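Here the structure is laid out as structure tokens; the discussion comes afterwards.
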Amino acid sequence: MQRKAYVSGAAVLLAAVLAGCTGGSGVGSSAPDSKGGDTGTTAAVAQPGRYRTLPEACGAADHDTLDALLPGIQETTDETQQEKAYAGEATLTYDTDRRDGCDWKVASAAATDHLFVDFERVVSYDNTVSDEDKAEELYSARQTAADLPEPAASASASGDATPSPSGSTVGPADAGSGAAGDGASGTPSSPSSPSASRPPADLQPRVLDDLGDEAFLDDKLSTGSSTAQQRTVTVVFRTSNVIVTIEYSEQPTASTDTPDSKEMQDRARKLAQELASRLNG
């Protein structure tokens, strides 16, 4: 005679308890950027940042903007090459919602222009520090590293700046850049004049008060791969927990030419304003 299987009531109860403990674990229910911590405590958790995604860097500038920044595009007669120039080259990244960048480099008859745009979305994994506070900390470090000169105490109507108390200068290469467009008259300054040691006050590396939550502009003139002077204008700004970097450089074909500081700064700042509006839109 076959025996009937028999399970004690205690065993059934134990199985039910174990099933209840393993159910509803919630694995995968939290977002990758979520701040961890003990939910049983009453301590306040810092708020996440305003932005959860980023714009596509290679699509951040329209064709008209790229035409102004990279004149060589319009000189390109091959349509395929022109479209490739407009498209730019995306920088390597493993998470485009955290960081996205794009490079453009185009040569024209007069110069070679290079543009780099970078978006960085900052996330703080510290419960006591908000994403925005973390972004502010990183931005501050960037501005400090730029070593901007102290603002001039006063400036004359011609734009000559008084040297800062720290004695910082833009660099010896900038001494003669006023002849190429840094000055109002376009006339070269004599080596002994104040403007020969520094560009006009409104073109010096400086903090910008009309862009994002905080911003700064840097302007450097250096000797590139040839004897021609290469100017690089950098604009960095922060909007909430996103830091945007624009690097715009130009190296003339002729060694006697110097890139115009005002023109390049105006172009870079215009692009920065467009990117800030896109983020806020």
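Identifiers in the structure tokens: chain A, B, ... in order shown; residue index from 1 per chain; ligand index from 1 in order shown.
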
Excluding region 264-271 of chain A and its own-chain neighbours fewer than 2 positions away, which residues fall within 7 Å of it when counting only C-alpha atoms? Please give them as a VMD selection string. chain A and resid 69 233 235 248 260 to 262 273 to 275

For the residues in that selection, give me N, CA, C and O atoms as an mmCIF file, in the first residue's frame.
```
data_model
loop_
_atom_site.group_PDB
_atom_site.id
_atom_site.type_symbol
_atom_site.label_atom_id
_atom_site.label_comp_id
_atom_site.auth_asym_id
_atom_site.auth_seq_id
_atom_site.Cartn_x
_atom_site.Cartn_y
_atom_site.Cartn_z
ATOM 1 N N LEU A 69 31.912 80.829 -36.845
ATOM 2 C CA LEU A 69 33.049 80.363 -36.060
ATOM 3 C C LEU A 69 34.107 79.674 -36.913
ATOM 4 O O LEU A 69 35.296 79.734 -36.615
ATOM 5 N N VAL A 233 40.285 81.248 -27.129
ATOM 6 C CA VAL A 233 39.301 81.871 -26.242
ATOM 7 C C VAL A 233 38.486 80.750 -25.606
ATOM 8 O O VAL A 233 37.926 79.899 -26.307
ATOM 9 N N VAL A 235 35.392 79.877 -22.861
ATOM 10 C CA VAL A 235 34.260 80.345 -22.052
ATOM 11 C C VAL A 235 33.733 79.150 -21.272
ATOM 12 O O VAL A 235 33.433 78.104 -21.856
ATOM 13 N N TYR A 248 37.608 77.887 -28.308
ATOM 14 C CA TYR A 248 37.617 78.339 -29.694
ATOM 15 C C TYR A 248 38.991 78.899 -30.013
ATOM 16 O O TYR A 248 39.432 79.861 -29.384
ATOM 17 N N ASP A 260 42.115 88.221 -34.142
ATOM 18 C CA ASP A 260 41.484 89.348 -33.475
ATOM 19 C C ASP A 260 40.787 88.910 -32.193
ATOM 20 O O ASP A 260 39.894 88.075 -32.218
ATOM 21 N N SER A 261 41.214 89.472 -31.069
ATOM 22 C CA SER A 261 40.679 89.072 -29.769
ATOM 23 C C SER A 261 39.194 89.381 -29.643
ATOM 24 O O SER A 261 38.396 88.534 -29.237
ATOM 25 N N LYS A 262 38.796 90.594 -29.976
ATOM 26 C CA LYS A 262 37.396 90.991 -29.808
ATOM 27 C C LYS A 262 36.472 90.144 -30.674
ATOM 28 O O LYS A 262 35.422 89.685 -30.236
ATOM 29 N N GLN A 273 25.832 81.989 -25.169
ATOM 30 C CA GLN A 273 24.472 82.443 -24.891
ATOM 31 C C GLN A 273 23.442 81.516 -25.540
ATOM 32 O O GLN A 273 22.401 81.211 -24.956
ATOM 33 N N GLU A 274 23.743 81.043 -26.738
ATOM 34 C CA GLU A 274 22.842 80.116 -27.431
ATOM 35 C C GLU A 274 22.727 78.791 -26.673
ATOM 36 O O GLU A 274 21.634 78.231 -26.528
ATOM 37 N N LEU A 275 23.850 78.298 -26.173
ATOM 38 C CA LEU A 275 23.832 77.040 -25.429
ATOM 39 C C LEU A 275 23.105 77.197 -24.100
ATOM 40 O O LEU A 275 22.363 76.301 -23.667
#
```

Excluding region 81-94 of chain A and residues on its chain fewer than 3 positions from it, collect all residues at most 10 Å away from it, counting only C-alpha atoms, and give them as a ChimeraX atom specification. /A:56-59,61-63,66-67,70,72-78,97-106,115-118

Writing out the chosen residues with N, CA and C atoms as a PDB file, in the first residue's frame:
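Now in selection-v9.pdb:
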```pdb
ATOM      1  N   GLU A  56      22.693  67.113 -27.177  1.00  0.00           N
ATOM      2  CA  GLU A  56      23.733  66.481 -27.994  1.00  0.00           C
ATOM      3  C   GLU A  56      24.728  67.566 -28.399  1.00  0.00           C
ATOM      4  N   ALA A  57      25.970  67.419 -28.011  1.00  0.00           N
ATOM      5  CA  ALA A  57      26.969  68.465 -28.249  1.00  0.00           C
ATOM      6  C   ALA A  57      27.167  68.746 -29.739  1.00  0.00           C
ATOM      7  N   CYS A  58      27.201  67.709 -30.561  1.00  0.00           N
ATOM      8  CA  CYS A  58      27.447  67.915 -31.990  1.00  0.00           C
ATOM      9  C   CYS A  58      26.257  68.557 -32.695  1.00  0.00           C
ATOM     10  N   GLY A  59      25.118  68.613 -32.035  1.00  0.00           N
ATOM     11  CA  GLY A  59      23.956  69.280 -32.611  1.00  0.00           C
ATOM     12  C   GLY A  59      23.626  70.574 -31.890  1.00  0.00           C
ATOM     13  N   ALA A  61      25.139  73.569 -32.033  1.00  0.00           N
ATOM     14  CA  ALA A  61      25.294  74.801 -32.805  1.00  0.00           C
ATOM     15  C   ALA A  61      24.689  74.620 -34.196  1.00  0.00           C
ATOM     16  N   ASP A  62      23.902  75.611 -34.641  1.00  0.00           N
ATOM     17  CA  ASP A  62      23.306  75.505 -35.975  1.00  0.00           C
ATOM     18  C   ASP A  62      24.325  75.901 -37.045  1.00  0.00           C
ATOM     19  N   HIS A  63      23.936  75.743 -38.309  1.00  0.00           N
ATOM     20  CA  HIS A  63      24.865  75.987 -39.411  1.00  0.00           C
ATOM     21  C   HIS A  63      25.317  77.442 -39.473  1.00  0.00           C
ATOM     22  N   LEU A  66      28.029  77.949 -36.891  1.00  0.00           N
ATOM     23  CA  LEU A  66      29.277  77.285 -37.291  1.00  0.00           C
ATOM     24  C   LEU A  66      29.935  78.025 -38.459  1.00  0.00           C
ATOM     25  N   ASP A  67      29.144  78.604 -39.362  1.00  0.00           N
ATOM     26  CA  ASP A  67      29.715  79.374 -40.467  1.00  0.00           C
ATOM     27  C   ASP A  67      30.526  80.562 -39.940  1.00  0.00           C
ATOM     28  N   LEU A  70      33.663  79.013 -37.979  1.00  0.00           N
ATOM     29  CA  LEU A  70      34.549  78.202 -38.817  1.00  0.00           C
ATOM     30  C   LEU A  70      34.367  78.603 -40.282  1.00  0.00           C
ATOM     31  N   GLY A  72      35.995  78.340 -42.856  1.00  0.00           N
ATOM     32  CA  GLY A  72      36.428  77.390 -43.866  1.00  0.00           C
ATOM     33  C   GLY A  72      35.328  76.480 -44.369  1.00  0.00           C
ATOM     34  N   ILE A  73      34.266  76.326 -43.600  1.00  0.00           N
ATOM     35  CA  ILE A  73      33.159  75.460 -44.039  1.00  0.00           C
ATOM     36  C   ILE A  73      32.558  75.983 -45.334  1.00  0.00           C
ATOM     37  N   GLN A  74      32.365  77.304 -45.403  1.00  0.00           N
ATOM     38  CA  GLN A  74      31.759  77.889 -46.593  1.00  0.00           C
ATOM     39  C   GLN A  74      32.695  77.828 -47.797  1.00  0.00           C
ATOM     40  N   GLU A  75      33.984  77.681 -47.555  1.00  0.00           N
ATOM     41  CA  GLU A  75      34.941  77.570 -48.651  1.00  0.00           C
ATOM     42  C   GLU A  75      35.034  76.150 -49.197  1.00  0.00           C
ATOM     43  N   THR A  76      34.453  75.205 -48.484  1.00  0.00           N
ATOM     44  CA  THR A  76      34.497  73.805 -48.916  1.00  0.00           C
ATOM     45  C   THR A  76      33.499  73.594 -50.043  1.00  0.00           C
ATOM     46  N   THR A  77      33.975  73.174 -51.208  1.00  0.00           N
ATOM     47  CA  THR A  77      33.097  73.001 -52.375  1.00  0.00           C
ATOM     48  C   THR A  77      32.489  71.607 -52.446  1.00  0.00           C
ATOM     49  N   ASP A  78      33.123  70.637 -51.829  1.00  0.00           N
ATOM     50  CA  ASP A  78      32.601  69.272 -51.833  1.00  0.00           C
ATOM     51  C   ASP A  78      31.484  69.159 -50.797  1.00  0.00           C
ATOM     52  N   ASP A  97      24.361  61.140 -20.993  1.00  0.00           N
ATOM     53  CA  ASP A  97      23.535  61.909 -20.058  1.00  0.00           C
ATOM     54  C   ASP A  97      24.371  62.497 -18.931  1.00  0.00           C
ATOM     55  N   ARG A  98      25.630  62.100 -18.862  1.00  0.00           N
ATOM     56  CA  ARG A  98      26.537  62.652 -17.858  1.00  0.00           C
ATOM     57  C   ARG A  98      27.581  63.575 -18.491  1.00  0.00           C
ATOM     58  N   ARG A  99      28.024  63.245 -19.712  1.00  0.00           N
ATOM     59  CA  ARG A  99      29.015  64.089 -20.382  1.00  0.00           C
ATOM     60  C   ARG A  99      28.917  63.876 -21.883  1.00  0.00           C
ATOM     61  N   ASP A 100      28.984  64.981 -22.623  1.00  0.00           N
ATOM     62  CA  ASP A 100      28.929  64.887 -24.080  1.00  0.00           C
ATOM     63  C   ASP A 100      29.734  66.040 -24.666  1.00  0.00           C
ATOM     64  N   GLY A 101      30.573  65.739 -25.647  1.00  0.00           N
ATOM     65  CA  GLY A 101      31.408  66.764 -26.251  1.00  0.00           C
ATOM     66  C   GLY A 101      31.508  66.590 -27.746  1.00  0.00           C
ATOM     67  N   CYS A 102      31.988  67.654 -28.425  1.00  0.00           N
ATOM     68  CA  CYS A 102      32.127  67.590 -29.884  1.00  0.00           C
ATOM     69  C   CYS A 102      33.264  68.497 -30.324  1.00  0.00           C
ATOM     70  N   ASP A 103      33.983  68.055 -31.359  1.00  0.00           N
ATOM     71  CA  ASP A 103      35.120  68.794 -31.928  1.00  0.00           C
ATOM     72  C   ASP A 103      34.835  69.147 -33.383  1.00  0.00           C
ATOM     73  N   TRP A 104      35.201  70.372 -33.749  1.00  0.00           N
ATOM     74  CA  TRP A 104      35.195  70.788 -35.151  1.00  0.00           C
ATOM     75  C   TRP A 104      36.559  71.398 -35.451  1.00  0.00           C
ATOM     76  N   LYS A 105      37.148  71.064 -36.582  1.00  0.00           N
ATOM     77  CA  LYS A 105      38.404  71.678 -37.008  1.00  0.00           C
ATOM     78  C   LYS A 105      38.356  71.861 -38.514  1.00  0.00           C
ATOM     79  N   VAL A 106      38.411  73.121 -38.943  1.00  0.00           N
ATOM     80  CA  VAL A 106      38.251  73.428 -40.359  1.00  0.00           C
ATOM     81  C   VAL A 106      39.295  74.459 -40.777  1.00  0.00           C
ATOM     82  N   LEU A 115      37.019  74.343 -32.849  1.00  0.00           N
ATOM     83  CA  LEU A 115      35.965  74.584 -31.859  1.00  0.00           C
ATOM     84  C   LEU A 115      35.712  73.303 -31.076  1.00  0.00           C
ATOM     85  N   PHE A 116      35.631  73.438 -29.765  1.00  0.00           N
ATOM     86  CA  PHE A 116      35.311  72.313 -28.892  1.00  0.00           C
ATOM     87  C   PHE A 116      34.208  72.734 -27.937  1.00  0.00           C
ATOM     88  N   VAL A 117      33.158  71.918 -27.847  1.00  0.00           N
ATOM     89  CA  VAL A 117      32.038  72.166 -26.932  1.00  0.00           C
ATOM     90  C   VAL A 117      31.878  70.955 -26.027  1.00  0.00           C
ATOM     91  N   ASP A 118      31.757  71.196 -24.722  1.00  0.00           N
ATOM     92  CA  ASP A 118      31.644  70.106 -23.757  1.00  0.00           C
ATOM     93  C   ASP A 118      30.541  70.408 -22.752  1.00  0.00           C
TER      94      ASP A 118
END
```

How far is it from CA of Leu54 (chain A) to CA of Asp113 (chain A), in Å with one decimal? 25.5 Å

Would you kindly return, as JSON, numbers by chain, each protein, DNA or RNA residue with an atom no farther than 7 Å from any atom of Pro252 (chain A), considering only C-alpha atoms and excluding same-chain residues fewer than 5 positions away? {"A": [110, 111, 112, 228, 257, 258, 259]}

Residue set, region 39-173 of chain A restricted to strand (DSSP E), as a list in words: Glu89, Ala90, Arg99, Asp100, Gly101, Cys102, Asp103, Trp104, Lys105, Val106, Ala107, Ala111, Thr112, Asp113, His114, Leu115, Phe116, Val117, Asp118, Phe119, Glu120 and Arg121 of chain A

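Residue nearest Ser130 (chain A), chosen from A:Pro48, A:Pro205, A:Gly281, A:Pro151 and counting only C-alpha atoms: A:Pro48.
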
Once DSSP has gone over the backbone, tell me which residues of region 127-156 of chain A are in helix (DSSP H, G or I), as JSON, numbers by chain. {"A": [131, 132, 133, 134, 135, 136, 137, 138, 139, 140, 141, 142, 143, 144, 145, 146]}

Those same residues - N, CA and C atoms - I'd like them written as a tab-separated table (two decimals), in the first residue's frame.
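Written out: out.tsv:
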```tsv
chain	number	residue	atom	x	y	z
A	131	ASP	N	23.51	68.19	-5.97
A	131	ASP	CA	24.19	68.17	-7.27
A	131	ASP	C	24.66	69.58	-7.65
A	132	GLU	N	23.82	70.57	-7.39
A	132	GLU	CA	24.17	71.95	-7.75
A	132	GLU	C	25.36	72.45	-6.94
A	133	ASP	N	25.39	72.12	-5.65
A	133	ASP	CA	26.52	72.53	-4.82
A	133	ASP	C	27.81	71.87	-5.28
A	134	LYS	N	27.72	70.61	-5.70
A	134	LYS	CA	28.89	69.91	-6.20
A	134	LYS	C	29.38	70.55	-7.51
A	135	ALA	N	28.42	70.91	-8.37
A	135	ALA	CA	28.78	71.57	-9.63
A	135	ALA	C	29.44	72.92	-9.37
A	136	GLU	N	28.92	73.64	-8.38
A	136	GLU	CA	29.50	74.93	-8.01
A	136	GLU	C	30.94	74.76	-7.53
A	137	GLU	N	31.18	73.70	-6.78
A	137	GLU	CA	32.54	73.41	-6.29
A	137	GLU	C	33.49	73.12	-7.45
A	138	LEU	N	33.04	72.31	-8.41
A	138	LEU	CA	33.89	71.97	-9.55
A	138	LEU	C	34.13	73.19	-10.44
A	139	TYR	N	33.08	73.99	-10.64
A	139	TYR	CA	33.25	75.20	-11.44
A	139	TYR	C	34.26	76.14	-10.78
A	140	SER	N	34.15	76.31	-9.48
A	140	SER	CA	35.06	77.20	-8.75
A	140	SER	C	36.51	76.75	-8.93
A	141	ALA	N	36.74	75.45	-8.92
A	141	ALA	CA	38.10	74.93	-9.13
A	141	ALA	C	38.59	75.26	-10.54
A	142	ARG	N	37.70	75.19	-11.53
A	142	ARG	CA	38.06	75.54	-12.90
A	142	ARG	C	38.44	77.01	-13.00
A	143	GLN	N	37.66	77.86	-12.37
A	143	GLN	CA	37.93	79.30	-12.43
A	143	GLN	C	39.25	79.63	-11.73
A	144	THR	N	39.50	78.98	-10.60
A	144	THR	CA	40.75	79.21	-9.88
A	144	THR	C	41.95	78.77	-10.72
A	145	ALA	N	41.81	77.64	-11.39
A	145	ALA	CA	42.90	77.12	-12.23
A	145	ALA	C	43.19	78.03	-13.41
A	146	ALA	N	42.17	78.77	-13.87
A	146	ALA	CA	42.36	79.68	-15.00
A	146	ALA	C	43.24	80.87	-14.62
```

Find the distance between CA of Pro200 (chain A) and CA of Phe216 (chain A) and write it in Å to one decimal. 16.7 Å

Show me, as a ChimeraX atom specification, the residues that have an atom within 7 Å of Asp213 (chain A) when counting only C-alpha atoms, minus same-chain residues fewer than 3 positions from it. /A:238-240

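Around Val244 (chain A), within 6 Å and counting only C-alpha atoms, the residues found are Asp118, Phe119, Val236 and Phe237 of chain A, once anything fewer than 6 positions away on its own chain is removed.
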